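Student: Let me begin by handing over the structure; questions about it come next.
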Amino acid sequence: MPLLTVNQLDKTVDNNHILKNIDFQISKGEVIVVIGPSGSGKTTFISNLNFLNNADKGEMNFRDKKIDLSSPKKDDVLWVRRHIAMVFQNYNLFKNKTALENITEGLIHGQGKSRDEANQIALEELKNVGLSEKKDAYPSQLSGGQKQRIGIARATALKPDIILFDEPTSALDPELVGTVVQDMDHLAQQGQTMIVVTHLMSFAKKVATKVLFFADGAILESGTPDQIFNHPKEKRTKEFLSAIAEDR
Amino acid sequence: MKVIKILAALVGGLPNTITLLIASFIFSSLIGIGVAFLSLQDDKVGKSVSRVYIGLVRGTPPLLMLLLTYYGLPKLLSFIGIDSNNWAKIIFGIFGLSVGWGGYMAEAFRSAYLSVDEGQIKAAYSVGMTGETALREIILPQAFLIAIPNVENLLIGLLKATSLVYVIGLADMYQNASNLSNVNQGVYQLKIFIILALIYWILASLIEWGFRTYQSHFAHVEA
Amino acid sequence: MDFHFMIDSLPKLISVIPMTIYISVVSVIVGFALAAIIAIIREKKIKVLSQIFAVLVSFVRGTPILVQLYVIYYGLPQFLYYLQNQGVNVKPGSLPHLVIAISAYSLNAAANLSETIRSAYHSVDKDQYQAALSVGMTPSLSMRRIVIPQLIPNLIPNFSNFFLDLIKDTALVYNIGIIEIMAKSNIIASFGFKYLETYLDALLLYLVICFVFGKILSLTETYVTRRVFSGKTHSVIKKTPQVDETEAKVGGN
């Protein structure tokens, strides 16, 4: 039984049909990687999953609960966000909070945990990404790689059913990408359900259970990494793959 | 009292208001450019002078600026042997407003210049432009665009400040309204000032519209 | 120029500084409270109200404060008469000039500061709000804990500029019979036509007042910016040995 199912997700903005009746599903433990050209709607797609973006039409079935994607109830939205977390391309750490506080904010004010419990969880998470000594540092004092790893810690601390990654390494220097990828690989090994939008084909090949090729607002092709990368069926897919000659 | 009558009386002061506005805008811009230029040089004296000037102006009520100009300028001029007793009051009005707003203009130009992306300057040099050419072709045009919103605000501020010239006895729109109101003790006073306010508002909106239209021509230049 | 006169007149002018400051401070506080409400209404795009306020703000910002002063001076009593006719318990008879002045300056402040607040609000990265939502915080908590703290450092410089302008604008209030610096200057100057001297004295006082308030606000800005974005309340230059060691080990990353 899939953990999350999306039916007929559709969105148009200013005559641009950004998302064309998308059907999607993901089961527990799956790591689905979404690839595709810029402007294809990948980011809009996953931001709909935690309602940071709203759709014109569509239905979500999450943990056996049906939610209308075009006009969801406020309580449903909050409930989903407490179970589906997000890691952003530009980290988006709270600039006015320390590293530790960035993690506890969601625990205390989103999930309603006590400050003590939240601190405990947060310290644990920081230890896992090896940044314990930076717990009182503010984002302005951290490097890009550090910020992103704390961004991931902020998401994992919520113990979410699914973590959405929106191009998590695109804003990082190449030599920092490796550490973040390592963290993500780690999570996948531990069975975390993940949906990852990325340009990192190496990550997709190694960690993904399924790869989706997104183009012009629709899922053009889907399959295992081997199927997509080595035996792409669609012309568009082939074009895209050969255009990304370099494996970043 | 009929609205038309009020309008006619007020509009009589419009020429002075507009003259003050345009003349002061031109002169204050010139002063502003000069002072901004001075403040950006490596010259310590120039920097201090410009800083003192800007600081002074920012702490002085426009009303006082006009009064000090009216009473002080003749004295200063008499030291260099110029007799300003017969000068039209509007000259003092323009002078006071220009000197006053020059400080704000200088700030606007200065900060716009400093806001131009450093990368632009580096790129200009890297393709072989001289300092002067880079300034002319790349930096100043961009600084100009950056300054426009601030200049627009300052121009509208200047429009509002013209109402203060009553204090040196100059007949602009406000002065006309004030006279009209004094002559007609009674109910019309509110009407008079509301109509006056509406005229200023229309002028301010025209300025805003003008700037918006002008700026839309440059929308393609991502400032 | 009569320097003696200038020195003698100073104490008399200084004695009315409290009035100048009183009007400025009260007006800016009332104005700011109203401005916050207006800004919220306009940003939430509440139907009808936000359009009305958009027009009112544009009107107040596009008309001279002197004219506004007279509109309130002649208009407020009439408004109160109207309210009285509707049965509201007010006494329009003797409306203190101070109330009129503060009303006019407060409304002016409300209009101008609402724009200041809005631009500070827009200066905060939209992503910060999105990130707060993404960890499950309600919209209002997200605003309160993440967005608003970050807009305050941006608000202060523009607030400061406006406040100083307000102080200078109080120089007009003598027109409706309130004795502050300009009024006193005119009174003193008329004793012997020493206009230039008195006005120079007045200039000195305004410069000092603006400098002091400007400095206070500038220091506040530095303090608040540091506090919000780095948790420090004063600049700390000491280095703790642990931090250095760890930096060396992890390769400064």
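How things are named: the first chain in the structure tokens is A, the next is B, and so on; residues count from 1 in each chain; ligands count from 1 in the order shown.
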From region 4-228 of chain A, collect each residue whose DSSP state is strand (DSSP E or B) and return the set as a PyMOL selection string.
Tutor: chain A and resi 4-13+16-26+31-35+57-62+65-68+84-87+162-166+193-197+210-215+218-223
Student: Near Leu80 (chain C), counting only C-alpha atoms, which residues have an atom at most 10 Å away, once you skip same-chain residues fewer than 3 positions from it, shown as an mmCIF file with C-alpha atoms, in the first residue's frame?
Tutor:
```
data_model
loop_
_atom_site.group_PDB
_atom_site.id
_atom_site.type_symbol
_atom_site.label_atom_id
_atom_site.label_comp_id
_atom_site.auth_asym_id
_atom_site.auth_seq_id
_atom_site.Cartn_x
_atom_site.Cartn_y
_atom_site.Cartn_z
ATOM 1 C CA GLY C 75 -12.126 69.625 9.974
ATOM 2 C CA LEU C 76 -11.816 67.890 13.321
ATOM 3 C CA PRO C 77 -14.266 70.183 15.129
ATOM 4 C CA LEU C 83 -20.522 62.742 15.813
ATOM 5 C CA GLN C 84 -22.394 64.736 18.420
ATOM 6 C CA ASN C 85 -25.407 64.889 16.114
ATOM 7 C CA GLN C 86 -25.227 61.137 15.808
ATOM 8 C CA VAL C 88 -21.822 60.219 20.375
ATOM 9 C CA ASN C 89 -20.706 61.840 23.595
ATOM 10 C CA VAL C 90 -18.070 64.356 22.552
ATOM 11 C CA LYS C 91 -17.412 67.997 23.305
ATOM 12 C CA PRO C 92 -16.414 69.714 20.101
ATOM 13 C CA GLY C 93 -16.523 73.102 21.718
ATOM 14 C CA LEU C 95 -10.763 71.288 21.176
#
```
Student: Can you check which parts of chain C lie within 9 Å of chain B? Per residue, the shortest pair of atoms and distance in Å to one decimal, counting only C-alpha atoms, sorted by chain and number, as JSON lines.
Tutor:
```
{"residue": "C:Ser58", "atom": "CA", "partner": "B:Trp201", "partner_atom": "CA", "distance": 8.0}
{"residue": "C:Phe59", "atom": "CA", "partner": "B:Trp201", "partner_atom": "CA", "distance": 6.0}
{"residue": "C:Val60", "atom": "CA", "partner": "B:Trp201", "partner_atom": "CA", "distance": 8.2}
{"residue": "C:Arg61", "atom": "CA", "partner": "B:Trp201", "partner_atom": "CA", "distance": 8.3}
{"residue": "C:Gly62", "atom": "CA", "partner": "B:Trp201", "partner_atom": "CA", "distance": 4.8}
{"residue": "C:Thr63", "atom": "CA", "partner": "B:Tyr200", "partner_atom": "CA", "distance": 5.5}
{"residue": "C:Pro64", "atom": "CA", "partner": "B:Lys160", "partner_atom": "CA", "distance": 4.4}
{"residue": "C:Ile65", "atom": "CA", "partner": "B:Lys160", "partner_atom": "CA", "distance": 7.6}
{"residue": "C:Leu66", "atom": "CA", "partner": "B:Ser163", "partner_atom": "CA", "distance": 7.4}
{"residue": "C:Val67", "atom": "CA", "partner": "B:Ala197", "partner_atom": "CA", "distance": 6.3}
{"residue": "C:Gln68", "atom": "CA", "partner": "B:Ala197", "partner_atom": "CA", "distance": 7.4}
{"residue": "C:Tyr70", "atom": "CA", "partner": "B:Phe193", "partner_atom": "CA", "distance": 6.8}
{"residue": "C:Val71", "atom": "CA", "partner": "B:Phe193", "partner_atom": "CA", "distance": 5.8}
{"residue": "C:Ile72", "atom": "CA", "partner": "B:Leu190", "partner_atom": "CA", "distance": 8.4}
{"residue": "C:Tyr73", "atom": "CA", "partner": "B:Leu190", "partner_atom": "CA", "distance": 8.4}
{"residue": "C:Tyr74", "atom": "CA", "partner": "B:Leu190", "partner_atom": "CA", "distance": 5.2}
{"residue": "C:Gly75", "atom": "CA", "partner": "B:Leu190", "partner_atom": "CA", "distance": 5.9}
{"residue": "C:Gln78", "atom": "CA", "partner": "B:Leu190", "partner_atom": "CA", "distance": 9.0}
{"residue": "C:Leu164", "atom": "CA", "partner": "B:Gly59", "partner_atom": "CA", "distance": 7.5}
{"residue": "C:Asp165", "atom": "CA", "partner": "B:Pro61", "partner_atom": "CA", "distance": 7.8}
{"residue": "C:Ile167", "atom": "CA", "partner": "B:Pro61", "partner_atom": "CA", "distance": 8.2}
{"residue": "C:Lys168", "atom": "CA", "partner": "B:Pro61", "partner_atom": "CA", "distance": 4.5}
{"residue": "C:Asp169", "atom": "CA", "partner": "B:Pro61", "partner_atom": "CA", "distance": 6.6}
{"residue": "C:Thr170", "atom": "CA", "partner": "B:Pro61", "partner_atom": "CA", "distance": 8.6}
{"residue": "C:Ala171", "atom": "CA", "partner": "B:Pro61", "partner_atom": "CA", "distance": 6.9}
{"residue": "C:Leu172", "atom": "CA", "partner": "B:Leu63", "partner_atom": "CA", "distance": 7.6}
{"residue": "C:Met182", "atom": "CA", "partner": "B:Leu64", "partner_atom": "CA", "distance": 8.4}
{"residue": "C:Tyr195", "atom": "CA", "partner": "B:Tyr71", "partner_atom": "CA", "distance": 7.0}
{"residue": "C:Leu196", "atom": "CA", "partner": "B:Tyr71", "partner_atom": "CA", "distance": 5.6}
{"residue": "C:Tyr199", "atom": "CA", "partner": "B:Leu68", "partner_atom": "CA", "distance": 6.6}
{"residue": "C:Leu200", "atom": "CA", "partner": "B:Leu68", "partner_atom": "CA", "distance": 7.4}
{"residue": "C:Ala202", "atom": "CA", "partner": "B:Leu64", "partner_atom": "CA", "distance": 8.1}
{"residue": "C:Leu203", "atom": "CA", "partner": "B:Thr60", "partner_atom": "CA", "distance": 6.3}
{"residue": "C:Leu204", "atom": "CA", "partner": "B:Thr60", "partner_atom": "CA", "distance": 8.7}
{"residue": "C:Tyr206", "atom": "CA", "partner": "B:Gly59", "partner_atom": "CA", "distance": 6.3}
{"residue": "C:Leu207", "atom": "CA", "partner": "B:Gly59", "partner_atom": "CA", "distance": 4.7}
{"residue": "C:Val208", "atom": "CA", "partner": "B:Gly59", "partner_atom": "CA", "distance": 7.9}
{"residue": "C:Ile209", "atom": "CA", "partner": "B:Gly59", "partner_atom": "CA", "distance": 8.1}
{"residue": "C:Cys210", "atom": "CA", "partner": "B:Gly59", "partner_atom": "CA", "distance": 5.5}
{"residue": "C:Phe211", "atom": "CA", "partner": "B:Gly59", "partner_atom": "CA", "distance": 7.1}
```
Student: So that I can check the secondary structure, give me every residue of region 46-158 of chain B assigned alpha helix (DSSP H) by backbone DSSP, as an NGL selection string.
Tutor: :B and (46-58 or 62-79 or 89-115 or 118-126 or 131-134 or 140-158)
Student: Select residues of chain C: the criterion is any atom within 8 Å of an atom of chain A, counting only C-alpha atoms; output as a list in words.
Tutor: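 Therefore, the residues near the partner are Asp127, Gln128, Gln130, Ala131, Ala132, Leu133, Ser134, Val135, Gly136, Met137, Thr138, Leu141, Ile146, Pro149, Gln150, Val228, Phe229, Ser230, Gly231, Val243 and Asn253 of chain C.
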Student: Between CA of Arg226 (chain C) and CA of Val52 (chain B), measure the distance and give it in Å to one decimal.
Tutor: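 CA of Arg226 (chain C) sits 28.5 Å away from CA of Val52 (chain B).
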Student: Got a sec: who's within 10 Å of Asp2 (chain C), counting only C-alpha atoms, leaving out chain neighbours fewer than 2 positions off, as a JSON list (two decimals) with C-alpha atoms, in the first residue's frame?
Tutor:
```
[["chain", "number", "residue", "atom", "x", "y", "z"],
["C", 4, "HIS", "CA", 25.07, 88.56, 22.81],
["C", 5, "PHE", "CA", 21.46, 88.40, 21.89],
["C", 6, "MET", "CA", 21.90, 84.94, 20.52],
["C", 7, "ILE", "CA", 23.37, 83.62, 23.74],
["C", 194, "LYS", "CA", 16.66, 90.10, 15.50],
["C", 196, "LEU", "CA", 18.63, 86.05, 11.83],
["C", 197, "GLU", "CA", 20.08, 85.64, 15.31],
["C", 198, "THR", "CA", 17.03, 83.89, 16.71]]
```
Student: Show me, as a list in words, the residues that have an atom within 8 Å of Pro37 (chain A) when counting only C-alpha atoms, minus same-chain residues fewer than 4 positions from it.
Tutor: Phe214, Ala215 and Phe240 of chain A
Student: Show me, as a ChimeraX atom specification, the residues that have an atom within 10 Å of region 101-114 of chain B when counting only C-alpha atoms, minus same-chain residues fewer than 5 positions from it.
Tutor: /B:24-40,50-58,62,65,95-96,139-151,154-155,157-158,161
Student: Those residues you just picked out, can you put them in a file as a compact mmCIF listing (two decimals), in the first residue's frame with N, CA and C atoms?
Tutor:
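See selection-v3.txt below for the written result:
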```
# COMPACT_ATOMS: atom_id res chain seq x y z
N SER B 24 13.93 74.73 -8.17
CA SER B 24 14.62 74.14 -7.01
C SER B 24 15.08 72.74 -7.32
N PHE B 25 14.29 72.01 -8.09
CA PHE B 25 14.67 70.65 -8.43
C PHE B 25 15.96 70.66 -9.24
N ILE B 26 16.00 71.55 -10.22
CA ILE B 26 17.19 71.61 -11.06
C ILE B 26 18.42 72.00 -10.24
N PHE B 27 18.29 73.07 -9.48
CA PHE B 27 19.45 73.53 -8.72
C PHE B 27 19.86 72.55 -7.64
N SER B 28 18.87 71.97 -6.96
CA SER B 28 19.24 71.02 -5.90
C SER B 28 19.89 69.79 -6.51
N SER B 29 19.46 69.40 -7.70
CA SER B 29 20.11 68.26 -8.35
C SER B 29 21.56 68.58 -8.67
N LEU B 30 21.78 69.79 -9.17
CA LEU B 30 23.14 70.18 -9.50
C LEU B 30 24.01 70.19 -8.24
N ILE B 31 23.45 70.81 -7.19
CA ILE B 31 24.19 70.83 -5.93
C ILE B 31 24.43 69.40 -5.46
N GLY B 32 23.39 68.59 -5.57
CA GLY B 32 23.50 67.20 -5.12
C GLY B 32 24.59 66.46 -5.85
N ILE B 33 24.64 66.62 -7.17
CA ILE B 33 25.67 65.94 -7.94
C ILE B 33 27.04 66.41 -7.49
N GLY B 34 27.16 67.74 -7.35
CA GLY B 34 28.44 68.31 -6.94
C GLY B 34 28.90 67.78 -5.58
N VAL B 35 27.99 67.83 -4.63
CA VAL B 35 28.36 67.38 -3.28
C VAL B 35 28.64 65.88 -3.25
N ALA B 36 27.84 65.11 -4.00
CA ALA B 36 28.08 63.67 -4.05
C ALA B 36 29.45 63.40 -4.63
N PHE B 37 29.76 64.11 -5.71
CA PHE B 37 31.07 63.96 -6.35
C PHE B 37 32.17 64.25 -5.35
N LEU B 38 32.00 65.36 -4.64
CA LEU B 38 32.98 65.77 -3.64
C LEU B 38 33.17 64.70 -2.58
N SER B 39 32.06 64.10 -2.15
CA SER B 39 32.13 63.14 -1.05
C SER B 39 32.77 61.83 -1.47
N LEU B 40 32.82 61.59 -2.78
CA LEU B 40 33.37 60.32 -3.24
C LEU B 40 34.86 60.40 -3.59
N SER B 50 31.53 67.93 2.52
CA SER B 50 30.26 67.37 2.06
C SER B 50 29.50 66.72 3.20
N ARG B 51 30.24 66.07 4.10
CA ARG B 51 29.55 65.43 5.22
C ARG B 51 28.90 66.46 6.13
N VAL B 52 29.61 67.55 6.38
CA VAL B 52 29.05 68.60 7.23
C VAL B 52 27.80 69.19 6.58
N TYR B 53 27.90 69.46 5.29
CA TYR B 53 26.77 70.03 4.57
C TYR B 53 25.55 69.12 4.66
N ILE B 54 25.77 67.84 4.34
CA ILE B 54 24.64 66.91 4.37
C ILE B 54 24.08 66.79 5.78
N GLY B 55 24.96 66.71 6.76
CA GLY B 55 24.51 66.61 8.15
C GLY B 55 23.69 67.81 8.57
N LEU B 56 24.17 69.00 8.19
CA LEU B 56 23.45 70.22 8.53
C LEU B 56 22.05 70.22 7.94
N VAL B 57 22.00 69.89 6.69
CA VAL B 57 20.74 69.95 5.98
C VAL B 57 19.73 68.94 6.52
N ARG B 58 20.23 67.78 6.92
CA ARG B 58 19.32 66.77 7.40
C ARG B 58 18.76 67.09 8.77
N PRO B 62 12.85 72.54 6.88
CA PRO B 62 12.78 73.33 5.65
C PRO B 62 12.29 74.75 5.90
N MET B 65 15.12 76.73 6.90
CA MET B 65 16.00 76.95 5.77
C MET B 65 15.56 78.17 4.98
N PHE B 95 16.41 79.58 -3.75
CA PHE B 95 17.72 79.36 -3.14
C PHE B 95 17.58 78.49 -1.89
N GLY B 96 16.64 78.88 -1.01
CA GLY B 96 16.45 78.14 0.24
C GLY B 96 16.12 76.69 -0.01
N ILE B 139 28.74 52.92 -15.39
CA ILE B 139 28.40 53.23 -14.00
C ILE B 139 27.31 54.27 -13.87
N LEU B 140 27.51 55.44 -14.48
CA LEU B 140 26.54 56.51 -14.30
C LEU B 140 25.13 56.15 -14.79
N PRO B 141 25.01 55.54 -15.96
CA PRO B 141 23.66 55.15 -16.39
C PRO B 141 22.97 54.26 -15.36
N GLN B 142 23.72 53.30 -14.82
CA GLN B 142 23.11 52.40 -13.85
C GLN B 142 22.83 53.11 -12.53
N ALA B 143 23.75 53.98 -12.13
CA ALA B 143 23.52 54.73 -10.89
C ALA B 143 22.28 55.59 -11.03
N PHE B 144 22.13 56.17 -12.19
CA PHE B 144 20.97 57.00 -12.48
C PHE B 144 19.67 56.22 -12.29
N LEU B 145 19.64 55.01 -12.84
CA LEU B 145 18.43 54.19 -12.70
C LEU B 145 18.15 53.82 -11.26
N ILE B 146 19.22 53.52 -10.52
CA ILE B 146 19.05 53.15 -9.12
C ILE B 146 18.52 54.33 -8.33
N ALA B 147 18.95 55.54 -8.71
CA ALA B 147 18.58 56.73 -7.94
C ALA B 147 17.14 57.15 -8.17
N ILE B 148 16.57 56.74 -9.30
CA ILE B 148 15.25 57.28 -9.66
C ILE B 148 14.16 57.17 -8.60
N PRO B 149 13.97 56.02 -7.96
CA PRO B 149 12.90 56.00 -6.95
C PRO B 149 13.11 57.04 -5.85
N ASN B 150 14.35 57.17 -5.40
CA ASN B 150 14.64 58.16 -4.37
C ASN B 150 14.41 59.58 -4.85
N VAL B 151 14.84 59.84 -6.08
CA VAL B 151 14.66 61.18 -6.64
C VAL B 151 13.18 61.50 -6.76
N LEU B 154 11.99 62.52 -3.44
CA LEU B 154 12.50 63.84 -3.10
C LEU B 154 11.76 64.92 -3.87
N LEU B 155 11.43 64.64 -5.11
CA LEU B 155 10.71 65.63 -5.91
C LEU B 155 9.33 65.89 -5.30
N GLY B 157 8.58 65.44 -2.21
CA GLY B 157 8.85 66.16 -0.98
C GLY B 157 9.06 67.64 -1.25
N LEU B 158 9.74 67.92 -2.35
CA LEU B 158 10.00 69.31 -2.73
C LEU B 158 8.68 70.01 -3.06
N ALA B 161 7.17 70.94 0.04
CA ALA B 161 7.91 71.99 0.73
C ALA B 161 7.63 73.37 0.15
```
Student: What does the structure give for the distance between CA of Ile219 (chain A) and CA of Ile22 (chain A), in Å to one decimal?
Tutor: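 We find that CA of Ile219 (chain A) and CA of Ile22 (chain A) lie 7.0 Å from each other.
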Student: May I ask for the distance between CA of Pro232 (chain A) and CA of Gly217 (chain A), given in Å to one decimal place?
Tutor: 18.7 Å
Student: Excluding Gln192 (chain A) and residues on its chain fewer than 3 positions from it, collect all residues at most 9 Å away from it, counting only C-alpha atoms, and give them as a list in words.
Tutor: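 So the residues in contact are Lys28, Gly29, Glu30, Val31, Pro160, Asp161, Ile162, Ile163, Leu187, Ala188 and Gln189 of chain A.
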Student: Near region 114-118 of chain C, counting only C-alpha atoms, which residues have an atom at most 12 Å away, once you skip same-chain residues fewer than 2 positions from it, shown as a ChimeraX atom specification?
Tutor: /C:28,31-44,50,53-54,56-58,60-61,106-112,120-124,148,150-163
